[in-house]
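The structure under discussion appears below in the form of structure tokens.
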Amino acid sequence: MKALLGKKLAMTQHFRDDGTVVPATLIEAGPCVITQVKTAGRDGYAAVQIGWGAVKHVPKPIAGHLKDGRPVKHLREFRVEKPEEFSRGQELSVAQFSAGETVKVTGWSKGRGFQGVVKRHHFKGAPATHGHKDDLRMPGSIGPTEPQHVFKGTRMAGRMASHRVTVRGLKVLAVDADKHQLLVSGALPGARNGFLMITAQ
């Protein structure tokens, strides 16, 4: 299992040996600590739970769960095939990754707030004239005369973005174990300091 938790630091660029430039994202990842090891016999499936992030105060249930370890802000599970290879309290760092590896990164996209159908669903909008006063960006009809109700899933105005997004096929360009940083190709979801999950593909 090659998996880490971290945060997005910034976008930058990376120059390959042949001089080509690649857009890249700098990630601060780990060190993460294993907080729980689940087995198929005891829990019904094999997984490893890891924690990351400094925090001063944790809820009492989480504090009880982490009673013999350091408090962490984020807890996430990752499926494994051989849970016996891991132990509670073991540390994971960026040193497990190397340049050239392929990873997938999961984050949360920037929230856009309450938006109308033109921005949220790319509706064309109404004509500017010919009886269409003050409804240029309106959604138009939202249902037929029969049955007299709005169907589930009808595209309407509402909260936009702030979704979980996974980007696959990203290349690790550089690893800095001393600073706990990874440089991966391409763009990642979310704003700076946004929470990320990094997993080897």
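Each chain of the structure tokens is named A, B, ... in the order shown, its residues numbered from 1; ligands are numbered from 1 in display order.
Residues with any atom within 9 Å of Ala191 (chain A), counting only C-alpha atoms and excluding same-chain neighbours fewer than 3 positions away, are Lys8, Leu9, Ala10, Trp108, Ser109, Lys110, Leu188, Gly194 and Phe195 of chain A.
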| request: May I have the residues within 12 Å of Arg42 (chain A) as a PyMOL selection string, using only C-alpha atoms and disregarding those fewer than 5 positions away in the same chain? | output: chain A and resi 37+47+83
Next, the residues of the selection above should be written as a PDB file, in the first residue's frame with C-alpha atoms.
ATOM      1  CA  VAL A  37      -5.283  -2.106  11.070  1.00  0.00           C
ATOM      2  CA  ALA A  47      -7.774  -2.075   5.407  1.00  0.00           C
ATOM      3  CA  PRO A  83      -2.820  -6.229   6.628  1.00  0.00           C
TER       4      PRO A  83
END
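Distances to Asn193 (chain A) were evaluated for A:Gly6, A:Gly111, A:Gly89, A:Gly100 using only C-alpha atoms, and the minimum falls at A:Gly6.
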Using DSSP secondary structure from the backbone, list all strand (DSSP E or B) positions within region 20-75 of chain A, as a VMD selection string.
chain A and resid 21 to 29 32 to 38 47 to 52 74 to 75
